[in-house]
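Dumped coords36.cif below, it's mmCIF, C-alpha atoms:
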data_upload
#
loop_
_atom_site.label_atom_id
_atom_site.label_comp_id
_atom_site.auth_asym_id
_atom_site.auth_seq_id
_atom_site.Cartn_x
_atom_site.Cartn_y
_atom_site.Cartn_z
CA MET A 21 -12.92 -15.06 -12.46
CA LEU A 22 -11.47 -11.67 -11.55
CA SER A 23 -9.43 -9.78 -14.12
CA ASP A 24 -5.72 -9.27 -13.52
CA ILE A 25 -6.21 -5.58 -12.69
CA ASP A 26 -8.96 -6.41 -10.17
CA VAL A 27 -6.71 -8.98 -8.48
CA LEU A 28 -3.93 -6.38 -8.37
CA GLY A 29 -6.28 -3.90 -6.74
CA LEU A 30 -7.28 -6.36 -4.03
CA LEU A 31 -3.64 -7.21 -3.33
CA VAL A 32 -2.69 -3.52 -3.05
CA GLN A 33 -5.66 -2.92 -0.76
CA ALA A 34 -4.66 -5.95 1.33
CA ASP A 35 -1.21 -4.43 1.83
CA GLU A 36 -2.72 -1.08 2.75
CA SER A 37 -5.03 -2.70 5.29
CA VAL A 38 -2.02 -3.91 7.30
CA LYS A 39 0.06 -0.76 6.60
CA ASP A 40 2.87 -2.85 5.16
CA ARG A 41 4.04 -4.71 2.09
CA GLN A 42 3.25 -8.37 2.48
CA ALA A 43 5.13 -11.38 1.16
CA CYS A 44 2.13 -13.47 0.13
CA GLN A 45 1.88 -17.16 -0.54
CA LEU A 46 -0.91 -18.77 -2.52
CA TYR A 47 -0.83 -22.32 -1.23
CA PRO A 48 -2.55 -25.38 -2.77
CA THR A 49 -4.53 -27.49 -0.29
CA GLY A 50 -6.78 -30.51 -0.59
CA GLY A 51 -9.81 -28.25 -0.79
CA GLY A 52 -8.37 -25.77 -3.27
CA MET A 53 -6.14 -22.74 -2.76
CA ALA A 54 -5.49 -20.76 0.41
CA TRP A 55 -3.52 -17.67 1.44
CA VAL A 56 -0.57 -17.98 3.75
CA GLY A 57 0.92 -14.80 5.24
CA CYS A 58 -1.45 -12.49 3.40
CA SER A 59 -4.06 -10.52 5.34
CA GLY A 60 -6.79 -8.31 3.97
CA TRP A 61 -8.10 -10.40 1.08
CA PRO A 62 -11.93 -10.45 1.18
CA ASP A 63 -13.23 -13.81 2.38
CA GLU A 64 -16.03 -13.90 -0.19
CA VAL A 65 -13.79 -13.27 -3.22
CA GLU A 66 -12.47 -16.12 -5.34
CA LEU A 67 -8.70 -16.64 -5.14
CA PRO A 68 -6.56 -16.10 -8.24
CA SER A 69 -4.92 -19.01 -10.01
CA GLY A 70 -1.22 -19.73 -10.29
CA ASN A 71 -1.41 -18.97 -14.02
CA GLN A 72 -2.93 -15.58 -13.26
CA MET A 73 -0.09 -14.87 -10.87
CA ASP A 74 2.35 -15.81 -13.64
CA ASP A 75 0.63 -13.35 -16.00
CA MET A 76 0.88 -10.56 -13.42
CA ASP A 77 4.53 -11.38 -12.85
CA HIS A 78 5.10 -11.08 -16.60
CA LEU A 79 3.42 -7.66 -16.53
CA GLY A 80 5.72 -6.59 -13.70
CA TRP A 81 2.85 -6.01 -11.25
CA ILE A 82 4.07 -8.67 -8.81
CA ARG A 83 7.40 -10.43 -8.26
CA ILE A 84 7.25 -14.20 -7.84
CA THR A 85 9.96 -15.41 -5.48
CA GLY A 86 9.12 -19.10 -5.29
CA TYR A 87 6.75 -21.90 -6.26
CA VAL A 88 4.75 -24.38 -4.21
CA GLY A 89 3.90 -27.38 -6.35
CA ASP A 90 2.24 -26.72 -9.70
CA PHE A 91 -0.21 -24.07 -8.54
CA GLY A 92 1.19 -22.30 -5.49
CA ARG A 93 3.17 -19.08 -5.70
CA LYS A 94 5.18 -16.94 -3.30
CA PHE A 95 5.15 -13.30 -4.36
CA ALA A 96 4.90 -9.61 -3.44
CA VAL A 97 3.34 -6.62 -5.18
CA THR A 98 5.93 -4.43 -6.95
CA THR A 99 6.19 -0.66 -7.16
CA GLU A 100 5.15 -0.97 -10.81
CA GLY A 101 2.04 -2.83 -9.68
CA ARG A 102 1.15 -0.11 -7.19
CA ASP A 103 1.65 2.55 -9.86
CA GLU A 104 -0.56 0.64 -12.29
CA TRP A 105 -3.31 0.38 -9.69
CA ALA A 106 -3.02 4.12 -9.03
CA ARG A 107 -3.49 4.73 -12.75
CA GLN A 108 -6.49 2.42 -12.75
CA LEU A 109 -8.07 4.39 -9.91
CA GLU A 110 -7.54 7.59 -11.88
CA ARG A 111 -9.15 6.05 -14.95
CA GLN A 112 -12.13 4.95 -12.87
CA ALA A 113 -12.43 8.35 -11.20
CA HIS A 114 -12.42 10.28 -14.47
CA VAL A 115 -15.48 12.48 -14.87
CA PRO A 116 -16.40 13.34 -18.48
CA GLY A 117 -16.28 17.01 -19.37
CA ARG A 118 -14.96 19.08 -22.23
CA VAL A 119 -11.36 20.31 -22.23
CA ASP A 120 -9.52 22.40 -24.82
CA LEU A 121 -6.70 20.41 -26.45
CA SER A 122 -5.89 22.96 -29.15
CA TRP A 123 -2.26 23.91 -29.75
CA ASP A 124 -3.10 27.44 -28.62
CA SER A 125 -3.92 25.96 -25.18
CA ALA A 126 -1.15 23.35 -25.12
CA LYS A 127 1.78 25.53 -26.15
CA PRO A 128 1.70 27.82 -23.06
CA VAL A 129 1.70 24.74 -20.80
CA LEU A 130 4.68 23.27 -22.65
CA ARG A 131 6.49 26.61 -22.50
CA GLU A 132 5.83 26.87 -18.76
CA ILE A 133 7.46 23.47 -18.22
CA TYR A 134 10.33 24.39 -20.54
CA GLU A 135 11.05 27.64 -18.68
CA ARG A 136 11.05 25.86 -15.30
CA TYR A 137 13.33 23.19 -16.78
CA GLN A 138 15.81 25.88 -17.86
CA GLU A 139 15.66 27.64 -14.51
CA ALA A 140 16.41 24.34 -12.73
CA GLY A 141 19.52 23.78 -14.85
CA ALA A 142 18.02 21.12 -17.14
CA PRO A 143 18.11 18.30 -14.56
CA GLU A 144 18.28 14.73 -15.85
CA ALA A 145 15.24 13.77 -13.76
CA GLY A 146 13.20 16.64 -15.16
CA VAL A 147 11.08 19.02 -13.09
CA ALA A 148 8.04 18.30 -10.95
CA LEU A 149 4.76 19.24 -12.60
CA SER A 150 3.03 20.19 -9.37
CA PHE A 151 3.74 23.88 -10.11
CA VAL A 152 1.80 23.60 -13.38
CA LEU A 153 -1.13 21.91 -11.64
CA SER A 154 -1.28 24.12 -8.56
CA ASP A 155 -4.23 26.18 -9.84
CA GLU A 156 -7.36 24.19 -8.94
CA ASP A 157 -9.45 26.02 -11.53
CA SER A 158 -7.26 24.80 -14.41
CA THR A 159 -5.95 21.45 -13.10
CA ARG A 160 -8.38 19.38 -15.17
CA GLN A 161 -7.52 21.27 -18.36
CA LYS A 162 -3.75 21.18 -17.80
CA SER A 163 -3.74 17.54 -16.72
CA ALA A 164 -5.39 16.59 -20.00
CA ILE A 165 -2.92 18.69 -21.98
CA ILE A 166 0.07 17.18 -20.16
CA ARG A 167 -1.14 13.66 -20.97
CA GLU A 168 -1.34 14.61 -24.64
CA LEU A 169 2.11 16.23 -24.57
CA PHE A 170 3.54 12.96 -23.28
CA ARG A 171 1.60 11.01 -25.90
CA ASP A 172 2.85 13.28 -28.69
CA GLY A 173 6.47 12.99 -27.56
CA GLN A 174 6.81 16.59 -26.37
CA LEU A 175 7.55 15.49 -22.79
CA GLU A 176 9.43 12.47 -21.42
CA GLU A 177 10.92 10.90 -18.29
CA ALA A 178 7.94 9.36 -16.52
CA GLU A 179 4.57 7.90 -17.25
CA PHE A 180 1.58 10.02 -16.41
CA ALA A 181 0.66 8.40 -13.11
CA THR A 182 -0.46 10.63 -10.23
CA ASP A 183 -0.59 14.17 -11.57
CA GLN A 184 0.95 15.85 -8.55
CA SER A 185 4.07 13.66 -8.29
CA ILE A 186 5.17 13.24 -11.90
CA THR A 187 8.33 14.81 -13.27
CA ALA A 188 9.04 15.65 -16.89
CA ARG A 189 11.55 17.21 -19.23
CA PRO A 190 11.15 18.58 -22.77
CA THR A 191 12.11 16.25 -25.62
CA PRO A 192 14.14 17.27 -28.68
CA LYS A 193 10.79 17.66 -30.45
CA ALA A 194 9.77 20.29 -27.89
CA MET A 195 13.17 21.97 -28.16
CA GLN A 196 12.58 22.43 -31.89
CA ILE A 197 9.43 24.37 -31.06
CA LEU A 198 10.64 26.38 -28.07
CA ALA A 199 14.41 26.71 -28.46
CA GLY A 200 14.85 26.94 -32.23
CA TRP A 201 16.55 23.60 -32.69
CA PRO A 202 16.71 22.41 -36.33
CA SER A 203 13.90 20.19 -37.55
CA CYS A 204 14.49 17.22 -39.84
CA ALA A 205 11.00 17.73 -41.22
CA ALA A 206 11.89 21.30 -42.17
CA GLU A 207 15.08 20.12 -43.89
CA ASP A 208 13.06 17.57 -45.84
CA ALA A 209 10.57 20.22 -46.91
CA LEU A 210 13.37 22.53 -48.05
CA ASN A 211 15.07 19.78 -50.05
CA GLU A 212 11.74 18.87 -51.62
CA LEU A 213 11.26 22.50 -52.68
CA VAL A 214 14.70 22.56 -54.30
CA ARG A 215 13.93 19.34 -56.19
CA ALA A 216 10.58 20.78 -57.34
CA VAL A 217 12.29 23.93 -58.66
CA GLU A 218 14.93 21.84 -60.44
CA GLY A 219 12.15 19.77 -62.00
CA GLU A 220 10.51 22.93 -63.32
CA ILE A 221 13.86 24.08 -64.69
CA GLU A 222 14.26 20.85 -66.61
CA ALA A 223 10.70 20.88 -67.90
CA THR A 224 10.37 24.49 -69.11
CA THR A 225 11.34 25.66 -72.59
CA ASP A 226 10.75 29.31 -71.75
CA GLN A 227 14.23 30.75 -71.34
CA ALA A 228 13.07 33.77 -69.33
CA LYS A 229 11.17 31.56 -66.89
CA ARG A 230 14.09 29.14 -66.78
CA SER A 231 16.50 31.94 -65.81
CA LYS A 232 14.18 33.07 -63.00
CA LEU A 233 13.83 29.53 -61.68
CA ILE A 234 17.60 29.04 -61.72
CA ALA A 235 17.99 32.27 -59.74
CA VAL A 236 15.42 31.01 -57.20
CA ARG A 237 17.18 27.65 -56.87
CA ASP A 238 20.61 29.22 -56.47
CA GLY A 239 19.25 31.68 -53.92
CA ILE A 240 17.73 28.90 -51.84
CA ALA A 241 20.95 26.90 -52.04
CA SER A 242 23.11 29.80 -50.85
CA ALA A 243 22.27 32.99 -49.00
CA GLY A 244 18.54 32.37 -48.79
CA ARG A 245 18.77 28.86 -47.38
CA ASP A 246 18.75 29.85 -43.70
CA VAL A 247 15.78 32.18 -44.23
CA VAL A 248 13.71 29.54 -46.04
CA LEU A 249 14.70 26.82 -43.56
CA ALA A 250 13.66 28.98 -40.60
CA TYR A 251 10.32 29.63 -42.31
CA PHE A 252 9.72 25.93 -42.89
CA GLU A 253 10.65 25.10 -39.31
CA LYS A 254 7.98 27.47 -38.05
CA LYS A 255 5.40 26.05 -40.43
CA VAL A 256 6.26 22.45 -39.56
CA MET A 257 5.85 23.26 -35.87
CA GLY A 258 2.66 25.22 -36.41
CA LEU A 259 4.12 28.57 -35.35
#

Written as C-alpha coordinates, that's how I'd like the structure from this file.
Amino acid sequence: MLSDIDVLGLLVQADESVKDRQACQLYPTGGGMAWVGCSGWPDEVELPSGNQMDDMDHLGWIRITGYVGDFGRKFAVTTEGRDEWARQLERQAHVPGRVDLSWDSAKPVLREIYERYQEAGAPEAGVALSFVLSDEDSTRQKSAIIRELFRDGQLEEAEFATDQSITARPTPKAMQILAGWPSCAAEDALNELVRAVEGEIEATTDQAKRSKLIAVRDGIASAGRDVVLAYFEKKVMGL
(Lines of atoms letter the chains of each structure in order from A and count residues from 1; the text may use other names and numbers.)
(Lines give C-alpha, C1' and ligand atoms only; values in the text may rest on other atoms or scores of the structure.)
Protein backbone atom coordinates (compact mmCIF):
# COMPACT_ATOMS: atom_id res chain seq x y z
CA MET A 1 0.00 0.00 0.00
CA LEU A 2 1.32 3.44 -0.91
CA SER A 3 2.06 5.92 1.86
CA ASP A 4 -0.08 9.05 2.16
CA ILE A 5 2.71 11.26 0.80
CA ASP A 6 3.21 8.98 -2.21
CA VAL A 7 -0.52 9.07 -2.98
CA LEU A 8 -0.42 12.86 -2.69
CA GLY A 9 2.47 13.00 -5.13
CA LEU A 10 0.62 10.90 -7.70
CA LEU A 11 -2.49 13.06 -7.36
CA VAL A 12 -0.47 16.28 -7.82
CA GLN A 13 1.28 14.76 -10.84
CA ALA A 14 -2.10 13.67 -12.25
CA ASP A 15 -3.31 17.27 -12.03
CA GLU A 16 -0.15 18.53 -13.69
CA SER A 17 -0.50 16.03 -16.52
CA VAL A 18 -3.80 17.63 -17.56
CA LYS A 19 -2.66 21.19 -16.73
CA ASP A 20 -5.60 21.68 -14.40
CA ARG A 21 -6.92 20.95 -10.94
CA GLN A 22 -9.18 17.95 -11.08
CA ALA A 23 -12.24 17.15 -9.00
CA CYS A 24 -11.60 13.43 -8.51
CA GLN A 25 -13.96 10.70 -7.51
CA LEU A 26 -12.86 7.36 -6.11
CA TYR A 27 -15.83 5.16 -6.92
CA PRO A 28 -16.57 1.67 -5.51
CA THR A 29 -17.49 -0.93 -8.15
CA GLY A 30 -18.19 -4.63 -8.07
CA GLY A 31 -14.56 -5.35 -8.90
CA GLY A 32 -13.03 -2.89 -6.44
CA MET A 33 -12.38 0.83 -6.73
CA ALA A 34 -12.15 2.99 -9.84
CA TRP A 35 -11.40 6.62 -10.70
CA VAL A 36 -14.09 8.82 -12.15
CA GLY A 37 -13.09 12.21 -13.57
CA CYS A 38 -9.44 11.83 -12.67
CA SER A 39 -6.84 11.47 -15.42
CA GLY A 40 -3.14 10.82 -15.04
CA TRP A 41 -3.10 8.13 -12.34
CA PRO A 42 -0.73 5.32 -13.40
CA ASP A 43 -2.66 2.22 -14.48
CA GLU A 44 -0.30 -0.15 -12.71
CA VAL A 45 -0.49 1.58 -9.30
CA GLU A 46 -2.87 0.39 -6.60
CA LEU A 47 -5.69 2.81 -5.79
CA PRO A 48 -5.87 4.41 -2.34
CA SER A 49 -8.59 3.45 0.11
CA GLY A 50 -11.39 5.64 1.39
CA ASN A 51 -9.77 5.60 4.84
CA GLN A 52 -6.52 6.86 3.33
CA MET A 53 -8.41 9.68 1.67
CA ASP A 54 -9.94 10.53 5.05
CA ASP A 55 -6.47 10.67 6.60
CA MET A 56 -5.24 13.02 3.86
CA ASP A 57 -8.30 15.19 4.31
CA HIS A 58 -7.49 15.40 8.03
CA LEU A 59 -3.94 16.49 7.14
CA GLY A 60 -5.35 19.20 4.87
CA TRP A 61 -3.72 17.76 1.74
CA ILE A 62 -7.06 17.12 0.01
CA ARG A 63 -10.59 18.43 0.52
CA ILE A 64 -13.36 15.82 0.51
CA THR A 65 -16.56 17.24 -0.94
CA GLY A 66 -18.76 14.15 -0.90
CA TYR A 67 -19.06 10.43 -0.23
CA VAL A 68 -20.12 7.52 -2.41
CA GLY A 69 -21.22 4.65 -0.22
CA ASP A 70 -18.83 3.51 2.50
CA PHE A 71 -15.65 3.64 0.46
CA GLY A 72 -16.01 6.19 -2.32
CA ARG A 73 -14.87 9.78 -2.00
CA LYS A 74 -15.20 12.95 -4.05
CA PHE A 75 -12.25 15.27 -3.46
CA ALA A 76 -9.63 17.67 -4.84
CA VAL A 77 -6.02 18.37 -3.91
CA THR A 78 -5.62 21.53 -1.81
CA THR A 79 -2.97 24.24 -1.98
CA GLU A 80 -1.62 22.88 1.30
CA GLY A 81 -1.29 19.48 -0.35
CA ARG A 82 0.63 20.93 -3.28
CA ASP A 83 2.93 22.80 -0.90
CA GLU A 84 3.56 19.63 1.10
CA TRP A 85 4.46 17.73 -2.05
CA ALA A 86 6.83 20.53 -3.05
CA ARG A 87 8.52 20.20 0.34
CA GLN A 88 8.74 16.45 -0.15
CA LEU A 89 10.46 16.93 -3.50
CA GLU A 90 12.95 19.26 -1.85
CA ARG A 91 13.64 16.71 0.88
CA GLN A 92 14.19 14.02 -1.74
CA ALA A 93 16.45 16.27 -3.81
CA HIS A 94 18.68 17.22 -0.89
CA VAL A 95 22.33 16.43 -1.52
CA PRO A 96 24.45 15.94 1.61
CA GLY A 97 27.28 18.41 2.07
CA ARG A 98 28.68 20.46 4.91
CA VAL A 99 27.29 23.92 5.67
CA ASP A 100 28.30 26.39 8.37
CA LEU A 101 25.48 26.93 10.88
CA SER A 102 27.50 28.95 13.37
CA TRP A 103 26.05 32.17 14.75
CA ASP A 104 28.87 34.07 13.04
CA SER A 105 27.44 32.84 9.71
CA ALA A 106 23.76 33.11 10.65
CA LYS A 107 23.74 36.61 12.11
CA PRO A 108 24.69 38.43 8.86
CA VAL A 109 21.86 36.60 7.04
CA LEU A 110 19.37 37.59 9.74
CA ARG A 111 20.61 41.18 9.66
CA GLU A 112 20.28 41.28 5.87
CA ILE A 113 16.63 40.24 6.15
CA TYR A 114 16.06 42.70 9.00
CA GLU A 115 17.51 45.62 7.01
CA ARG A 116 15.35 44.79 3.97
CA TYR A 117 12.32 44.49 6.27
CA GLN A 118 12.99 48.00 7.62
CA GLU A 119 13.52 49.45 4.16
CA ALA A 120 10.19 47.96 3.02
CA GLY A 121 8.34 49.63 5.90
CA ALA A 122 7.94 46.49 8.04
CA PRO A 123 5.16 44.93 5.90
CA GLU A 124 2.78 42.51 7.61
CA ALA A 125 3.48 39.87 4.95
CA GLY A 126 7.22 40.16 5.45
CA VAL A 127 9.77 40.44 2.65
CA ALA A 128 10.65 37.96 -0.09
CA LEU A 129 13.83 36.02 0.57
CA SER A 130 14.80 35.75 -3.08
CA PHE A 131 17.23 38.68 -2.62
CA VAL A 132 19.09 36.71 0.07
CA LEU A 133 19.27 33.62 -2.14
CA SER A 134 20.21 35.34 -5.39
CA ASP A 135 23.90 34.43 -5.14
CA GLU A 136 24.21 30.90 -6.56
CA ASP A 137 27.53 30.33 -4.81
CA SER A 138 25.98 30.79 -1.35
CA THR A 139 22.37 29.63 -1.89
CA ARG A 140 22.93 26.24 -0.26
CA GLN A 141 24.57 27.79 2.79
CA LYS A 142 21.97 30.55 3.22
CA SER A 143 19.03 28.21 2.60
CA ALA A 144 20.23 26.01 5.45
CA ILE A 145 20.69 29.02 7.73
CA ILE A 146 17.22 30.39 6.91
CA ARG A 147 15.63 27.04 7.78
CA GLU A 148 17.38 27.13 11.15
CA LEU A 149 16.35 30.76 11.76
CA PHE A 150 12.73 29.73 11.26
CA ARG A 151 13.20 26.72 13.52
CA ASP A 152 14.78 28.86 16.25
CA GLY A 153 11.98 31.43 16.10
CA GLN A 154 14.09 34.23 14.63
CA LEU A 155 11.90 34.43 11.50
CA GLU A 156 8.16 33.91 11.01
CA GLU A 157 5.28 34.28 8.55
CA ALA A 158 5.60 31.26 6.29
CA GLU A 159 6.86 27.74 6.31
CA PHE A 160 10.09 27.06 4.51
CA ALA A 161 8.66 25.66 1.30
CA THR A 162 10.26 26.66 -2.01
CA ASP A 163 13.27 28.81 -1.17
CA GLN A 164 12.74 31.39 -3.88
CA SER A 165 9.10 32.23 -3.10
CA ILE A 166 9.01 32.35 0.70
CA THR A 167 8.50 35.57 2.63
CA ALA A 168 9.58 36.26 6.19
CA ARG A 169 9.72 38.89 8.88
CA PRO A 170 11.87 39.14 12.02
CA THR A 171 10.29 37.96 15.27
CA PRO A 172 10.52 39.80 18.60
CA LYS A 173 13.38 37.43 19.42
CA ALA A 174 15.29 38.73 16.39
CA MET A 175 14.42 42.31 17.32
CA GLN A 176 16.08 41.79 20.70
CA ILE A 177 19.29 40.89 18.88
CA LEU A 178 19.23 43.45 16.08
CA ALA A 179 17.18 46.38 17.36
CA GLY A 180 18.02 46.45 21.06
CA TRP A 181 14.62 45.40 22.32
CA PRO A 182 14.57 44.31 26.00
CA SER A 183 15.05 40.62 26.73
CA CYS A 184 13.09 38.81 29.42
CA ALA A 185 16.03 36.46 29.81
CA ALA A 186 18.31 39.41 30.53
CA GLU A 187 15.85 40.76 33.13
CA ASP A 188 15.77 37.35 34.79
CA ALA A 189 19.56 37.19 34.89
CA LEU A 190 19.76 40.68 36.41
CA ASN A 191 17.18 39.85 39.09
CA GLU A 192 19.03 36.63 39.86
CA LEU A 193 22.25 38.61 40.34
CA VAL A 194 20.52 40.99 42.75
CA ARG A 195 19.14 38.05 44.75
CA ALA A 196 22.61 36.45 44.85
CA VAL A 197 24.16 39.68 46.18
CA GLU A 198 21.41 40.00 48.79
CA GLY A 199 22.06 36.41 49.84
CA GLU A 200 25.74 37.20 50.33
CA ILE A 201 24.80 40.27 52.35
CA GLU A 202 22.67 38.18 54.68
CA ALA A 203 25.30 35.46 55.02
CA THR A 204 28.44 37.52 55.68
CA THR A 205 29.56 38.63 59.12
CA ASP A 206 32.39 40.76 57.75
CA GLN A 207 31.12 44.32 58.06
CA ALA A 208 33.55 45.72 55.49
CA LYS A 209 32.52 43.11 52.93
CA ARG A 210 28.87 43.63 53.82
CA SER A 211 29.14 47.37 53.17
CA LYS A 212 30.73 46.75 49.76
CA LEU A 213 28.03 44.25 48.82
CA ILE A 214 25.29 46.68 49.85
CA ALA A 215 26.90 49.35 47.67
CA VAL A 216 26.96 46.89 44.74
CA ARG A 217 23.31 45.95 45.25
CA ASP A 218 22.18 49.56 45.54
CA GLY A 219 24.19 50.50 42.47
CA ILE A 220 22.59 47.75 40.40
CA ALA A 221 19.15 48.73 41.64
CA SER A 222 19.58 52.40 40.70
CA ALA A 223 21.97 54.13 38.33
CA GLY A 224 23.84 51.01 37.27
CA ARG A 225 20.77 48.97 36.39
CA ASP A 226 20.58 50.01 32.73
CA VAL A 227 24.29 49.36 32.23
CA VAL A 228 24.14 45.87 33.75
CA LEU A 229 20.91 45.03 31.94
CA ALA A 230 22.39 46.05 28.58
CA TYR A 231 25.42 43.86 29.31
CA PHE A 232 23.25 40.86 30.15
CA GLU A 233 21.14 41.38 27.03
CA LYS A 234 24.24 41.16 24.88
CA LYS A 235 25.46 38.06 26.68
CA VAL A 236 22.06 36.35 26.49
CA MET A 237 21.97 37.00 22.74
CA GLY A 238 25.57 35.93 22.23
CA LEU A 239 26.82 39.37 21.19

Measure the distance from CA of Ile82 in chain A to CA of Ala34 in chain A in Å and round it to one decimal.
->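 Straight-line distance from CA of Ile82 in chain A to CA of Ala34 in chain A works out to 13.7 Å.
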
Between CA of Ser59 in chain A and CA of Asp40 in chain A, measure the distance and give it in Å to one decimal.
-> 10.3 Å

To verify the selection step, state as a PyMOL selection string which residues the PyMOL selection byres ((chain A and resi 95-107) around 8) yields on this input.
-> chain A and resi 25+28-29+31-32+41-45+80-86+93-94+108-111+181-182

Check the smallest atom-to-atom distance from each of A:Gln174, A:Gln138, A:Thr224, A:Ser23 to Gln196 in chain A using only C-alpha atoms, then report the winner.
->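 When distances to Gln196 in chain A are compared using only C-alpha atoms, the smallest one comes from A:Gln174.
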
Report as an mmCIF file with C-alpha atoms, in the frame of the given file all protein, DNA and RNA residues lying within 10 Å of Gly52 in chain A, evaluated on all atoms listed in the file, omitting residues in the same chain fewer than 5 positions from it.
data_model
loop_
_atom_site.group_PDB
_atom_site.id
_atom_site.type_symbol
_atom_site.label_atom_id
_atom_site.label_comp_id
_atom_site.auth_asym_id
_atom_site.auth_seq_id
_atom_site.Cartn_x
_atom_site.Cartn_y
_atom_site.Cartn_z
ATOM 1 C CA TYR A 47 -0.830 -22.320 -1.230
ATOM 2 C CA LEU A 67 -8.700 -16.640 -5.140
ATOM 3 C CA PHE A 91 -0.210 -24.070 -8.540
#

Interatomic distance between CA of Val217 in chain A and CA of Arg237 in chain A?
->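 According to the coordinates, CA of Val217 in chain A and CA of Arg237 in chain A are separated by 6.4 Å.
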
For each of A:Gly219, A:Gly70, A:Pro48, A:Gly117, take the minimum atom-to-atom distance to Ala164 in chain A, counting only C-alpha atoms, then give the residue where this is smallest.
->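 Among A:Gly219, A:Gly70, A:Pro48, A:Gly117, it is A:Gly117 that comes nearest to Ala164 in chain A.
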
Would you translate the PyMOL selection byres ((chain A and resi 49) around 12) into the concrete set of residues it matches in this file, as an MDAnalysis selection string?
-> chainID A and resid 46:48 50:56 88:92

Selection result for the PyMOL selection byres ((chain A and resi 192) around 10) on this file, as a list of chain:residue names |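 Written out, the selection comes to A:Gly173, A:Gln174, A:Leu175, A:Glu176, A:Arg189, A:Pro190, A:Thr191, A:Lys193, A:Ala194, A:Met195, A:Gln196, A:Ile197, A:Leu198, A:Ala199, A:Trp201, A:Pro202, A:Ser203.
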